[in-house]
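Taking it in order: structure first as structure tokens, then the write-up.
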Amino acid sequence: MKSRHQRLIGIGLVLGGVALGATFLLQAMNENILYYYSPSQVAAGDPPEGRRFRVGGLVVDGSVKREPGDMKVSFELTDNAELVQVSYAGILPDLFREGQGIIAHGRMENGSVFEADEVLAKHDENYMPPEVADSLKQVHAGGGQ
Amino acid sequence: MSTTLAPWFGWLALLLIVAGTIGGLFLAPADYQQGDGFRIIYVHVPSAWLSMFAYVVMASSAAVGLIWRIKLCHSLAAAAAPVGASFTFLALATGSIWGKPMWGTWWVWDARLTAELVLLFLYFGYMALRAAIDDENRADRASALLAIIGVINIPIIKYSVEWWNTLHQPATISKIGKPSIDTEMLIPLLLMWLGFTCYFFFLLLVRGRAEILSRERNKQWLKDALGATS
């Protein structure tokens, strides 16, 4: 066997070993890499109790309520299966609106309301001009009638 | 070969980037949600793509250099590293600038952003390791090994948005089926992507040539060649 073949096999083995190690490491850390929990996971009791965590989902249409004269806002997050009630006091990002994906960071209070101290908007991978978005909406509305 | 090809890549890159910039800034329509803010995509996506592509080029040429003992390949890998690091930094910086108004934060420790930051540190580590070892052959071998091991990070960056919940959105273009971006917006993006890639090869050729010349500075063939032209 030529020495360059040995080097080729050696590098292959090193890469294979590192890949295997990385796979195990990421599998073990899977819980920690999860950036947010979905409302279904919250309902199932997955997030650590009494600790801060993030919950992500879509803002339910018509659920956003602002208290007049205050920064306080409350809304519901959903993953189309479960709901989480969120309350937040602060500035919302530009992309915050009903139907938009949102990630809130905070903790559960009284076991039912999620008190958020940070709200981030999650943008999706779709890019289109306003006219296209409008016509898409009309098609959807027309199909629903 | 480098002297003949490099200008082609250089001019092609300039042409494509100018066309892509005009298309991206003036011709493409504004996004339905983000308005004009989405236009940073025309720098962000090509640089993020090149940050990974440059690493694959660097790692594979380092591997070829290590296995077949070819010095030229080590020179090319060394030439690619600072270019790749610059594109990684550009991707992180533009993403950050976009993230502040859109997400509401400059930085989060989600899987995609963290893995891209690790990539930046891999480039830095590779360059630091090369610079730290005086003996060229030993520097070649040590840094090549680092580059090869670091290649594990590339699929992690690529698939981070699919494997885990991240704040970063999933891929827009490189997914099966139709890209989820309007054609009018897509064309300038593809021009920019091609332009950035040509620019990378231009830099790789020019920097690679300089790397080889500085490495061979004491060799007789170089002195002969210089003597012949002057």
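Chain labels run A, B, ... following the order of the structure tokens; each chain numbers its residues from 1, and ligands are numbered from 1 in the order shown.
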Within 7 Å of chain B: residues of chain A, using only C-alpha atoms, as a ChimeraX atom specification: /A:4,7-8,15,18-19,33-36,93-95,120-130,133
Residue set, segment 76-144 of chain B restricted to alpha helix (DSSP H), as a PyMOL selection string: chain B and resi 76-102+111-132+136-144
Point-to-point distance in Å for atom CA of Asp140 of chain B and atom CA of Arg215 of chain B: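 Distance reported for this atom pair: 11.9 Å.
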Polymer residues at most 10 Å from Pro47 of chain A, only C-alpha atoms, same-chain spacing of 2 or more positions, as a ChimeraX atom specification: /A:31,36-38,41-45,49-55,107-108
Å distance separating atom CA of Ala128 of chain B from atom CA of Ala81 of chain B, one decimal place: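 Interatomic distance, atom CA of Ala128 of chain B to atom CA of Ala81 of chain B: 10.6 Å.
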Separation of atom CA of Leu204 of chain B from atom CA of Ala80 of chain B in Å: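 Here the two named atoms are 5.8 Å from each other.
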